[in-house]
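Data file: protein_39.txt. Format and content: compact mmCIF, C-alpha atoms.
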```txt
# COMPACT_ATOMS: atom_id res chain seq x y z
CA MET A 1 84.02 84.74 89.77
CA ASP A 2 86.12 86.93 87.49
CA ARG A 3 89.45 86.48 85.76
CA LEU A 4 91.84 89.24 86.79
CA SER A 5 93.90 91.46 84.55
CA ASN A 6 96.83 92.67 86.64
CA THR A 7 99.47 95.39 86.50
CA VAL A 8 103.19 94.63 86.67
CA ARG A 9 105.21 97.32 88.44
CA PRO A 10 108.66 98.04 86.88
CA TYR A 11 110.62 98.98 90.00
CA ALA A 12 114.37 99.20 89.43
CA TRP A 13 115.18 96.31 91.79
CA GLY A 14 112.95 93.89 89.89
CA SER A 15 114.14 90.83 88.00
CA THR A 16 113.98 91.10 84.23
CA THR A 17 113.24 87.39 83.80
CA ALA A 18 111.46 85.79 86.80
CA ILE A 19 107.88 86.96 86.20
CA PRO A 20 108.08 86.47 82.40
CA ALA A 21 109.41 82.94 83.00
CA LEU A 22 106.44 82.14 85.26
CA LEU A 23 103.95 83.65 82.81
CA GLY A 24 105.58 82.01 79.79
CA THR A 25 106.15 85.34 78.06
CA ALA A 26 109.25 86.87 76.52
CA PRO A 27 111.27 89.24 78.73
CA THR A 28 111.18 92.87 77.64
CA GLY A 29 114.60 93.70 79.06
CA GLU A 30 112.97 95.98 81.63
CA PRO A 31 112.64 95.05 85.32
CA GLN A 32 109.35 93.41 86.26
CA ALA A 33 109.28 93.65 90.04
CA GLU A 34 105.73 93.08 91.27
CA MET A 35 102.44 91.93 89.81
CA TRP A 36 99.60 93.34 91.92
CA MET A 37 96.36 91.41 92.46
CA GLY A 38 93.62 93.18 94.36
CA ALA A 39 92.00 96.55 94.83
CA HIS A 40 94.87 98.85 95.76
CA PRO A 41 93.99 102.31 94.34
CA GLY A 42 97.52 102.66 92.91
CA ALA A 43 97.09 99.74 90.50
CA PRO A 44 93.78 97.90 90.93
CA SER A 45 93.20 94.64 89.11
CA ARG A 46 90.62 94.79 86.35
CA ILE A 47 87.76 92.42 85.64
CA THR A 48 85.33 92.11 82.76
CA ARG A 49 81.63 92.13 83.59
CA PRO A 50 78.51 92.94 81.59
CA THR A 51 77.34 96.51 82.08
CA GLU A 52 73.97 97.17 83.64
CA GLY A 53 71.17 96.61 81.18
CA THR A 54 73.18 94.34 78.87
CA THR A 55 71.24 91.36 77.52
CA PRO A 56 72.25 88.54 75.18
CA THR A 57 70.37 90.28 72.35
CA THR A 58 71.76 93.80 72.73
CA GLY A 59 75.18 92.99 71.36
CA THR A 60 76.79 95.22 73.98
CA ALA A 61 80.28 94.02 74.88
CA PRO A 62 81.16 93.44 78.53
CA THR A 63 83.04 96.30 80.16
CA GLU A 64 86.47 96.07 81.81
CA LEU A 65 86.23 97.61 85.27
CA PRO A 66 88.75 98.30 88.05
CA LEU A 67 88.10 95.98 90.98
CA THR A 68 87.97 99.09 93.19
CA ASP A 69 84.88 100.28 91.28
CA VAL A 70 83.22 96.87 91.42
CA ILE A 71 83.63 96.70 95.20
CA ALA A 72 82.53 100.31 95.71
CA ALA A 73 79.30 99.62 93.82
CA ASP A 74 78.28 96.75 96.16
CA PRO A 75 80.63 96.36 99.14
CA GLU A 76 78.59 93.82 101.09
CA GLY A 77 77.79 91.79 98.00
CA GLU A 78 81.45 91.57 97.01
CA LEU A 79 83.17 91.41 100.40
CA GLY A 80 80.52 90.06 102.73
CA ALA A 81 78.87 91.90 105.62
CA ALA A 82 81.43 90.75 108.21
CA THR A 83 84.41 92.02 106.17
CA VAL A 84 82.75 95.40 105.57
CA ALA A 85 81.82 95.73 109.25
CA ARG A 86 85.43 95.09 110.29
CA TYR A 87 87.45 96.83 107.58
CA GLY A 88 85.05 99.12 105.78
CA PRO A 89 84.07 98.94 102.10
CA ARG A 90 87.48 97.87 100.79
CA LEU A 91 89.43 94.69 100.19
CA PRO A 92 91.76 94.60 103.23
CA PHE A 93 94.64 92.74 101.57
CA LEU A 94 96.86 92.95 98.50
CA LEU A 95 98.36 89.88 96.81
CA LYS A 96 101.52 90.10 94.71
CA LEU A 97 104.02 88.16 92.72
CA LEU A 98 107.34 89.66 93.83
CA ALA A 99 110.51 89.14 91.78
CA ALA A 100 113.66 90.60 93.31
CA GLY A 101 116.69 90.85 91.04
CA ALA A 102 118.48 93.23 93.41
CA PRO A 103 118.05 94.04 97.12
CA LEU A 104 114.99 96.05 98.10
CA SER A 105 115.30 98.86 100.62
CA LEU A 106 115.92 97.99 104.25
CA GLN A 107 112.60 98.84 105.87
CA VAL A 108 110.19 98.49 108.76
CA HIS A 109 106.42 98.90 109.18
CA PRO A 110 104.47 100.56 112.01
CA ASP A 111 101.84 98.90 114.15
CA LEU A 112 98.23 100.05 113.86
CA ASP A 113 98.38 102.62 116.68
CA GLN A 114 101.64 104.08 115.35
CA ALA A 115 100.20 104.33 111.84
CA ARG A 116 97.06 106.09 113.03
CA GLU A 117 99.02 108.49 115.21
CA GLY A 118 101.63 109.25 112.56
CA TYR A 119 99.07 109.73 109.79
CA ALA A 120 96.96 112.06 111.92
CA ASP A 121 100.03 114.10 112.88
CA GLU A 122 101.16 114.60 109.27
CA GLU A 123 97.62 115.42 108.18
CA ALA A 124 97.34 118.03 110.95
CA ARG A 125 100.66 119.55 109.88
CA GLY A 126 99.52 119.73 106.28
CA VAL A 127 102.23 117.50 104.84
CA PRO A 128 101.09 116.57 101.30
CA VAL A 129 100.46 112.83 101.03
CA ASP A 130 102.68 112.66 97.94
CA ALA A 131 105.55 114.69 99.45
CA PRO A 132 108.91 112.86 99.27
CA HIS A 133 109.44 113.41 103.00
CA ARG A 134 105.98 112.16 103.97
CA THR A 135 106.27 109.09 106.24
CA TYR A 136 102.67 107.86 106.66
CA LYS A 137 100.62 107.48 103.47
CA ASP A 138 97.57 106.11 105.30
CA ALA A 139 96.36 105.17 108.78
CA ASN A 140 96.83 101.41 108.48
CA HIS A 141 99.51 98.96 109.50
CA LYS A 142 101.22 96.63 107.04
CA PRO A 143 101.87 93.09 108.26
CA GLU A 144 103.07 90.97 105.34
CA LEU A 145 103.99 87.42 104.38
CA ILE A 146 106.37 86.30 101.63
CA CYS A 147 106.24 82.70 100.38
CA ALA A 148 109.09 81.51 98.17
CA LEU A 149 108.40 80.06 94.72
CA THR A 150 112.14 79.79 94.00
CA PRO A 151 115.12 79.89 96.38
CA PHE A 152 114.64 83.28 98.03
CA ASP A 153 117.16 85.34 100.03
CA GLY A 154 116.28 88.02 102.56
CA LEU A 155 117.09 89.78 105.80
CA CYS A 156 114.64 89.52 108.69
CA GLY A 157 114.92 90.86 112.23
CA PHE A 158 117.95 91.66 114.36
CA ARG A 159 120.43 88.92 115.12
CA ARG A 160 122.24 88.74 118.44
CA PRO A 161 124.55 91.74 118.92
CA THR A 162 127.53 89.47 119.53
CA GLU A 163 126.96 87.74 116.18
CA ALA A 164 126.81 91.10 114.40
CA ALA A 165 129.98 92.16 116.24
CA ASP A 166 131.79 89.02 115.09
CA ALA A 167 130.74 89.63 111.47
CA MET A 168 131.92 93.25 111.54
CA GLU A 169 135.17 92.47 113.35
CA ALA A 170 136.08 89.80 110.81
CA LEU A 171 136.16 92.48 108.10
CA GLY A 172 139.22 94.07 109.70
CA VAL A 173 138.02 97.62 109.06
CA ASP A 174 139.34 99.98 111.75
CA SER A 175 136.43 102.45 111.48
CA LEU A 176 134.00 99.65 112.42
CA LYS A 177 135.68 99.03 115.77
CA PRO A 178 133.45 101.52 117.69
CA TYR A 179 130.37 99.61 116.47
CA VAL A 180 131.95 96.29 117.43
CA ASP A 181 132.71 97.61 120.92
CA LEU A 182 129.16 98.95 121.37
CA LEU A 183 127.64 95.65 120.27
CA ARG A 184 129.69 93.77 122.84
CA ALA A 185 129.52 96.23 125.75
CA HIS A 186 125.82 96.97 126.12
CA PRO A 187 122.63 95.04 126.82
CA GLU A 188 120.94 93.79 123.67
CA GLU A 189 118.37 96.55 123.14
CA ALA A 190 120.79 99.39 123.90
CA ALA A 191 123.49 97.89 121.70
CA LEU A 192 121.26 97.53 118.66
CA ARG A 193 119.70 100.97 119.13
CA GLU A 194 123.04 102.76 119.59
CA VAL A 195 124.72 101.12 116.63
CA LEU A 196 121.81 101.67 114.20
CA THR A 197 121.54 105.29 115.39
CA ALA A 198 125.28 105.78 114.88
CA ILE A 199 125.22 104.25 111.39
CA LEU A 200 122.31 106.39 110.21
CA GLY A 201 123.66 109.55 111.84
CA ALA A 202 127.30 109.33 110.71
CA ASP A 203 128.95 111.75 108.28
CA PRO A 204 127.95 110.58 104.76
CA ALA A 205 131.44 110.97 103.27
CA GLU A 206 133.15 109.11 106.08
CA MET A 207 130.47 106.43 106.02
CA ALA A 208 130.91 105.94 102.26
CA ASP A 209 134.61 105.21 102.79
CA THR A 210 133.83 102.77 105.61
CA VAL A 211 131.22 100.98 103.50
CA ALA A 212 133.65 100.71 100.59
CA GLU A 213 136.30 99.15 102.83
CA ALA A 214 133.76 96.80 104.39
CA ALA A 215 132.45 95.77 100.96
CA ALA A 216 135.93 94.98 99.67
CA ALA A 217 136.67 92.92 102.77
CA ALA A 218 133.35 91.05 102.47
CA GLU A 219 134.19 90.27 98.84
CA ARG A 220 137.55 88.83 99.88
CA LEU A 221 136.14 86.78 102.75
CA GLY A 222 133.14 85.36 100.88
CA GLY A 223 131.12 82.71 102.69
CA ALA A 224 128.79 84.26 105.27
CA HIS A 225 129.97 87.72 104.19
CA ALA A 226 129.08 87.23 100.53
CA PRO A 227 125.50 88.59 100.85
CA TYR A 228 126.82 91.91 102.17
CA ALA A 229 129.30 92.20 99.31
CA ARG A 230 126.39 91.63 96.92
CA ILE A 231 124.27 94.26 98.67
CA ALA A 232 127.16 96.75 98.53
CA HIS A 233 127.55 96.10 94.79
CA HIS A 234 124.01 97.40 94.26
CA TYR A 235 124.24 100.20 96.86
CA PRO A 236 127.87 101.41 96.94
CA GLY A 237 128.58 103.66 99.91
CA ASP A 238 125.09 103.25 101.39
CA PRO A 239 125.09 103.02 105.23
CA GLY A 240 122.36 100.43 104.88
CA VAL A 241 125.05 97.91 103.95
CA LEU A 242 126.31 98.11 107.54
CA ALA A 243 122.80 98.18 108.97
CA ALA A 244 122.14 94.96 107.05
CA MET A 245 124.91 93.27 109.02
CA LEU A 246 122.80 93.68 112.15
CA LEU A 247 120.07 91.46 110.69
CA ASN A 248 119.48 87.75 110.25
CA TYR A 249 120.29 86.48 106.76
CA VAL A 250 117.63 83.97 105.63
CA GLN A 251 117.51 81.61 102.67
CA LEU A 252 114.02 80.27 101.94
CA GLN A 253 113.37 77.16 99.88
CA PRO A 254 110.26 76.93 97.67
CA GLY A 255 107.18 76.66 99.86
CA GLU A 256 108.82 78.27 102.90
CA ALA A 257 107.68 81.70 104.08
CA LEU A 258 108.47 84.62 106.36
CA PHE A 259 105.99 86.74 108.30
CA LEU A 260 107.01 90.37 108.83
CA GLY A 261 105.22 92.02 111.74
CA ALA A 262 105.37 95.59 113.00
CA GLY A 263 108.74 96.96 114.02
CA VAL A 264 110.78 94.16 112.40
CA PRO A 265 113.49 95.46 110.03
CA HIS A 266 113.77 93.46 106.83
CA ALA A 267 114.76 93.46 103.18
CA TYR A 268 114.24 91.04 100.30
CA LEU A 269 117.42 90.35 98.33
CA ASP A 270 116.78 87.89 95.52
CA GLY A 271 114.15 85.44 94.29
CA LEU A 272 110.52 85.01 93.24
CA GLY A 273 107.70 84.71 95.75
CA VAL A 274 104.02 85.18 96.49
CA GLU A 275 103.54 88.11 98.85
CA ILE A 276 100.42 89.11 100.74
CA MET A 277 99.97 92.14 102.97
CA ALA A 278 97.47 94.42 104.61
CA ASN A 279 96.41 97.06 102.10
CA SER A 280 98.73 99.88 103.20
CA ASP A 281 101.63 101.95 101.83
CA ASN A 282 103.30 102.67 105.18
CA VAL A 283 107.03 101.95 104.86
CA LEU A 284 109.82 103.50 106.93
CA ARG A 285 113.18 102.98 105.26
CA CYS A 286 116.49 102.57 107.05
CA GLY A 287 118.94 102.08 104.22
CA LEU A 288 119.62 100.74 100.72
CA THR A 289 117.64 103.53 99.13
CA PRO A 290 117.98 107.09 97.83
CA LYS A 291 114.56 107.86 99.33
CA HIS A 292 113.87 109.85 102.49
CA ILE A 293 114.83 108.21 105.80
CA ASP A 294 112.95 109.62 108.79
CA VAL A 295 115.50 108.63 111.42
CA PRO A 296 113.66 109.90 114.56
CA GLU A 297 110.41 108.18 113.56
CA LEU A 298 112.24 105.06 112.49
CA LEU A 299 113.97 104.76 115.86
CA ARG A 300 110.59 105.17 117.56
CA ILE A 301 108.93 102.23 115.82
CA VAL A 302 111.78 99.72 115.40
CA ARG A 303 111.74 96.87 117.89
CA PHE A 304 115.31 96.58 119.10
CA GLU A 305 115.38 92.93 120.07
CA ALA A 306 117.15 89.93 118.61
CA THR A 307 114.65 87.54 117.04
CA ASP A 308 114.54 84.21 115.29
CA PRO A 309 113.30 84.93 111.76
CA GLY A 310 110.75 82.15 112.20
CA VAL A 311 110.63 80.39 108.83
CA LEU A 312 107.06 79.20 108.21
CA ARG A 313 105.96 76.02 106.50
CA PRO A 314 102.34 75.40 105.60
CA GLU A 315 100.18 73.33 107.92
CA ALA A 316 98.23 70.66 106.06
CA SER A 317 94.59 69.78 106.70
CA PRO A 318 92.40 66.84 105.60
CA SER A 319 90.74 69.12 103.02
CA GLY A 320 94.04 69.51 101.17
CA GLU A 321 94.47 73.11 102.26
CA GLU A 322 98.01 73.99 103.37
CA ARG A 323 97.74 77.18 105.40
CA TYR A 324 100.46 79.59 106.46
CA GLU A 325 99.52 80.51 110.02
CA THR A 326 100.16 84.14 110.99
CA PRO A 327 98.72 86.58 113.56
CA ALA A 328 97.42 88.87 110.80
CA ASP A 329 93.67 89.55 110.68
CA GLU A 330 93.50 91.20 107.26
CA PHE A 331 94.70 88.20 105.30
CA ALA A 332 95.23 84.45 105.21
CA LEU A 333 97.33 82.60 102.61
CA SER A 334 96.87 78.95 101.70
CA ARG A 335 98.31 76.59 99.11
CA TYR A 336 96.63 73.70 97.29
CA THR A 337 98.54 71.04 95.35
CA LEU A 338 96.09 69.50 92.89
CA ALA A 339 96.47 66.15 91.14
CA PRO A 340 94.59 64.63 88.18
CA GLY A 341 91.65 62.50 89.24
CA ALA A 342 91.64 63.77 92.82
CA ALA A 343 88.47 65.06 94.42
CA PRO A 344 87.85 68.76 93.76
CA ALA A 345 89.22 71.19 96.31
CA GLU A 346 86.25 72.93 97.92
CA LEU A 347 87.13 76.63 98.26
CA THR A 348 83.84 78.31 99.19
CA VAL A 349 84.22 80.72 102.12
CA PRO A 350 82.18 83.69 103.45
CA THR A 351 84.99 86.12 102.59
CA PRO A 352 86.36 87.46 99.28
CA GLN A 353 89.16 85.49 97.65
CA ILE A 354 91.90 85.83 95.07
CA LEU A 355 93.10 82.54 93.61
CA LEU A 356 96.50 82.41 91.89
CA CYS A 357 97.95 79.54 89.87
CA THR A 358 101.73 79.18 90.14
CA ALA A 359 102.33 75.81 88.46
CA GLY A 360 100.57 73.45 86.06
CA THR A 361 97.00 74.02 84.89
CA VAL A 362 94.19 74.50 87.38
CA ARG A 363 90.48 74.69 86.61
CA VAL A 364 88.58 77.03 88.93
CA GLY A 365 84.87 76.91 88.23
CA ALA A 366 84.64 77.29 84.45
CA LEU A 367 88.02 79.02 84.10
CA ASP A 368 91.36 77.40 83.32
CA LEU A 369 94.36 79.05 84.97
CA THR A 370 98.00 78.69 83.95
CA PRO A 371 100.98 80.02 85.95
CA GLY A 372 100.60 83.67 86.86
CA GLN A 373 96.87 83.80 86.09
CA SER A 374 94.38 84.65 88.84
CA VAL A 375 90.70 85.07 89.61
CA TYR A 376 88.67 87.12 92.06
CA VAL A 377 85.84 85.32 93.91
CA PRO A 378 83.23 87.42 95.76
CA ALA A 379 82.31 86.44 99.31
CA ALA A 380 80.31 83.21 99.69
CA GLU A 381 80.35 82.40 95.97
CA ALA A 382 80.55 78.64 95.48
CA VAL A 383 83.85 77.60 93.95
CA GLU A 384 86.00 74.50 93.64
CA ALA A 385 89.26 73.67 91.89
CA THR A 386 90.57 70.67 89.96
CA GLY A 387 93.50 69.94 87.67
CA SER A 388 97.20 69.35 88.01
CA GLY A 389 99.13 72.18 89.57
CA THR A 390 99.57 74.58 92.46
CA LEU A 391 96.98 77.12 93.54
CA PHE A 392 97.41 79.83 96.18
CA ARG A 393 94.37 81.25 97.93
CA ALA A 394 94.36 84.72 99.49
CA THR A 395 91.41 85.68 101.65
CA VAL A 396 90.49 87.46 104.88
CA ALA A 397 91.47 85.63 108.07
CA ALA A 398 88.53 83.98 109.80
```
Now, as a test, write the supplied structure out as structure tokens.
Amino acid sequence: MDRLSNTVRPYAWGSTTAIPALLGTAPTGEPQAEMWMGAHPGAPSRITRPTEGTTPTTGTAPTELPLTDVIAADPEGELGAATVARYGPRLPFLLKLLAAGAPLSLQVHPDLDQAREGYADEEARGVPVDAPHRTYKDANHKPELICALTPFDGLCGFRRPTEAADAMEALGVDSLKPYVDLLRAHPEEAALREVLTAILGADPAEMADTVAEAAAAAERLGGAHAPYARIAHHYPGDPGVLAAMLLNYVQLQPGEALFLGAGVPHAYLDGLGVEIMANSDNVLRCGLTPKHIDVPELLRIVRFEATDPGVLRPEASPSGEERYETPADEFALSRYTLAPGAAPAELTVPTPQILLCTAGTVRVGALDLTPGQSVYVPAAEAVEATGSGTLFRATVAA
């Protein structure tokens, strides 16, 4: 078991205070958006282990190593034979603390077949993997789960076209009337497809005027329209403000979660949460961003169907594990609420784990964890937890 040293990513949408407040550190004034825990090559966690040949009498200090290097040196020892056989010599998930102080981009993720096909196509065409217009960074899908630590606002999946039509019509903006009519006149799938296509394909100057009018009206109306006024404040003139009105607005309470599968448009708006995802960078954006939007590919992978966002609550077990059930294979997220004097929580599993404390003080093996601190546990290593606090466990789904 190894204590993790993790990187905080300073994306512009990040909160300046949420992660420092959890860690008990002073804010720097800069956004602190995500703290990454895992073996993503872009910002792998680091651990401290003795170097080969070190003995108690040599005086050689332990060496800090990227978790990617540790796993590469002994994949089966670190991940377990079953994980390596299924996913190759890499940790298949990434765990994060995510702190949104402003809306993230409106986005969608491909399924596994779409990711493999799209990646192979761009590779064959010689599109550089770091090109701004590159769509597929790898050949993997990216199911993800966000669990709220504070009240957490987001958008998730299309709402019924008639509900979106009502919301747009209430704004009283004449240039939105064609969208309102489309949403009411067509079957569900056709309505959603035609309106999103029209929004993303409209003249940018005309769309900026429409968005400005819609934002001002949403500000006046307040209530259910208030989230869209807030989004427009951060992204003035962005067509994604109108696209957001097609989606379900969701408010999570601490402990509640959302699962985002392939083809489901979504955006996080505000709040602090624990996020886990398959280890992929494949994101197709559809608004609220200055980055490239690949409209034809986006329209190919979006699932144009109204859905219930499906707020998840953990399912308790006699062992004290509270598990968030999802269809993902690459990851599983659980929560443990530990109390003084209670029996230790037995955490040993045949798969690799990352354990994250989010409240109180938790003792994992010989290590004490305070909020925001985490450890990596290799596959099958015996481990148990005690203390008074909350511990999240990320591992590979059984």
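For segment 366-368 of chain A, the set of protein, DNA and RNA residues having any atom at most 12 Å away, when counting only C-alpha atoms and skipping those fewer than 5 positions along the same chain, is Met1, Asp2, Arg3, Leu4, Leu355, Leu356, Cys357, Gly360, Thr361, Gln373, Ser374, Val375, Tyr376, Val377, Ala382, Val383, Glu384, Ala385, Thr386, Gly387, Ser388, Gly389 and Leu391 of chain A.
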Leaving out Val84 of chain A and any residue of its chain fewer than 3 positions from it, which residues lie within 12 Å of it when counting only C-alpha atoms, given as an NGL selection string? :A and (71-72 or 74-81 or 87-92 or 330 or 350-352 or 379 or 396)
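Closest approach to Val195 of chain A among A:Ala131, A:Leu299, A:Leu145, A:Leu260: A:Leu299, based on all atoms listed in the file.
Of the residues under consideration (A:Pro327, A:Pro265, A:Pro31, A:Pro236), A:Pro31 shows the shortest atom-to-atom contact distance to Arg9 of chain A when counting all atoms listed in the file.
Using all atoms listed in the file, the shortest contact distance between Ile146 of chain A and any of A:Ala328, A:Ala191, A:Val70, A:Leu312 is found at A:Leu312.
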In the coordinate frame of the file, compute which residues have an atom within 6 Å of (109.2, 108.2, 105.7) when using all atoms listed in the file, and state them as number ranges by chain. A: 133-135, 284, 292-294
I need the residues from that last selection saved to file as a compact mmCIF listing (two decimals), keeping the file's coordinate frame (with C-alpha atoms), if you can.
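Generated output (out.txt):
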```
# COMPACT_ATOMS: atom_id res chain seq x y z
CA HIS A 133 109.44 113.41 103.00
CA ARG A 134 105.98 112.16 103.97
CA THR A 135 106.27 109.09 106.24
CA LEU A 284 109.82 103.50 106.93
CA HIS A 292 113.87 109.85 102.49
CA ILE A 293 114.83 108.21 105.80
CA ASP A 294 112.95 109.62 108.79
```
Restricting the calculation to all atoms listed in the file, which member of A:Val311, A:Ala212, A:Gly372, A:Ala359 is positioned closest to Ile19 of chain A? A:Gly372
State, in Å with one decimal place, the distance from atom CA of Leu97 of chain A to atom CA of Gly273 of chain A. 5.9 Å
Shortest contact to Glu123 of chain A, candidates A:Tyr228, A:Tyr235, A:Tyr324, A:Tyr136, atoms counted all atoms listed in the file, goes to A:Tyr136
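You can rank A:Gly365, A:Pro239, A:Pro309, A:Gly320 by their closest distance to Ala343 of chain A using all atoms listed in the file, and at the top of that list sits A:Gly320.
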Can you pull out the residues contacting Ala332 of chain A? Cut-off 6 Å, using only C-alpha atoms, and skip same-chain residues under 2 positions away; I want them as a VMD selection string. chain A and resid 394 to 397
Which residues come within 9 Å of Glu194 of chain A, counting all atoms listed in the file, excluding same-chain residues fewer than 5 positions away, as a PyMOL selection string? chain A and resi 179+182-183+189+199
Could you please take those selected residues and save C-alpha atoms as a PDB file, keeping the file's coordinate frame?
```pdb
ATOM      1  CA  TYR A 179     130.370  99.610 116.470  1.00  0.00           C
ATOM      2  CA  LEU A 182     129.160  98.950 121.370  1.00  0.00           C
ATOM      3  CA  LEU A 183     127.640  95.650 120.270  1.00  0.00           C
ATOM      4  CA  GLU A 189     118.370  96.550 123.140  1.00  0.00           C
ATOM      5  CA  ILE A 199     125.220 104.250 111.390  1.00  0.00           C
TER       6      ILE A 199
END
```
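In this structure, atom CA of Thr28 of chain A sits 21.6 Å away from atom CA of Val274 of chain A.
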How would segment 94-101 of chain A read, as a PDB file, in the frame of the given file, once all heavy atoms are built in?
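Output below, filename rebuild03.pdb:
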```pdb
ATOM      1  N   LEU A  94      96.315  92.863  99.845  1.00  0.00           N
ATOM      2  CA  LEU A  94      96.860  92.950  98.500  1.00  0.00           C
ATOM      3  C   LEU A  94      97.754  91.741  98.282  1.00  0.00           C
ATOM      4  O   LEU A  94      98.617  91.443  99.111  1.00  0.00           O
ATOM      5  CB  LEU A  94      97.666  94.243  98.324  1.00  0.00           C
ATOM      6  CG  LEU A  94      98.389  94.444  96.993  1.00  0.00           C
ATOM      7  CD1 LEU A  94      97.383  94.580  95.850  1.00  0.00           C
ATOM      8  CD2 LEU A  94      99.279  95.684  97.049  1.00  0.00           C
ATOM      9  N   LEU A  95      97.549  91.038  97.175  1.00  0.00           N
ATOM     10  CA  LEU A  95      98.360  89.880  96.810  1.00  0.00           C
ATOM     11  C   LEU A  95      99.306  90.275  95.688  1.00  0.00           C
ATOM     12  O   LEU A  95      98.931  91.047  94.792  1.00  0.00           O
ATOM     13  CB  LEU A  95      97.442  88.733  96.364  1.00  0.00           C
ATOM     14  CG  LEU A  95      98.116  87.400  96.054  1.00  0.00           C
ATOM     15  CD1 LEU A  95      98.670  86.756  97.325  1.00  0.00           C
ATOM     16  CD2 LEU A  95      97.133  86.447  95.362  1.00  0.00           C
ATOM     17  N   LYS A  96     100.528  89.749  95.731  1.00  0.00           N
ATOM     18  CA  LYS A  96     101.520  90.100  94.710  1.00  0.00           C
ATOM     19  C   LYS A  96     102.327  88.871  94.301  1.00  0.00           C
ATOM     20  O   LYS A  96     102.526  87.954  95.092  1.00  0.00           O
ATOM     21  CB  LYS A  96     102.524  91.137  95.232  1.00  0.00           C
ATOM     22  CG  LYS A  96     101.970  92.453  95.688  1.00  0.00           C
ATOM     23  CD  LYS A  96     103.116  93.342  96.210  1.00  0.00           C
ATOM     24  CE  LYS A  96     102.634  94.680  96.709  1.00  0.00           C
ATOM     25  NZ  LYS A  96     103.775  95.506  97.211  1.00  0.00           N
ATOM     26  N   LEU A  97     102.831  88.903  93.080  1.00  0.00           N
ATOM     27  CA  LEU A  97     104.020  88.160  92.720  1.00  0.00           C
ATOM     28  C   LEU A  97     105.174  89.137  92.856  1.00  0.00           C
ATOM     29  O   LEU A  97     105.136  90.233  92.285  1.00  0.00           O
ATOM     30  CB  LEU A  97     103.950  87.646  91.285  1.00  0.00           C
ATOM     31  CG  LEU A  97     103.121  86.394  91.026  1.00  0.00           C
ATOM     32  CD1 LEU A  97     103.022  86.139  89.530  1.00  0.00           C
ATOM     33  CD2 LEU A  97     103.731  85.182  91.731  1.00  0.00           C
ATOM     34  N   LEU A  98     106.198  88.786  93.612  1.00  0.00           N
ATOM     35  CA  LEU A  98     107.340  89.660  93.830  1.00  0.00           C
ATOM     36  C   LEU A  98     108.589  88.987  93.294  1.00  0.00           C
ATOM     37  O   LEU A  98     108.888  87.846  93.666  1.00  0.00           O
ATOM     38  CB  LEU A  98     107.493  89.987  95.314  1.00  0.00           C
ATOM     39  CG  LEU A  98     108.593  90.979  95.696  1.00  0.00           C
ATOM     40  CD1 LEU A  98     108.184  91.805  96.914  1.00  0.00           C
ATOM     41  CD2 LEU A  98     109.922  90.261  95.991  1.00  0.00           C
ATOM     42  N   ALA A  99     109.312  89.702  92.416  1.00  0.00           N
ATOM     43  CA  ALA A  99     110.510  89.140  91.780  1.00  0.00           C
ATOM     44  C   ALA A  99     111.676  90.091  92.009  1.00  0.00           C
ATOM     45  O   ALA A  99     111.796  91.117  91.332  1.00  0.00           O
ATOM     46  CB  ALA A  99     110.271  88.940  90.292  1.00  0.00           C
ATOM     47  N   ALA A 100     112.518  89.756  92.961  1.00  0.00           N
ATOM     48  CA  ALA A 100     113.660  90.600  93.310  1.00  0.00           C
ATOM     49  C   ALA A 100     114.894  90.159  92.519  1.00  0.00           C
ATOM     50  O   ALA A 100     115.329  89.014  92.637  1.00  0.00           O
ATOM     51  CB  ALA A 100     113.945  90.527  94.803  1.00  0.00           C
ATOM     52  N   GLY A 101     115.437  91.087  91.727  1.00  0.00           N
ATOM     53  CA  GLY A 101     116.690  90.850  91.040  1.00  0.00           C
ATOM     54  C   GLY A 101     117.839  91.569  91.700  1.00  0.00           C
ATOM     55  O   GLY A 101     119.006  91.336  91.374  1.00  0.00           O
TER      56      GLY A 101
END
```
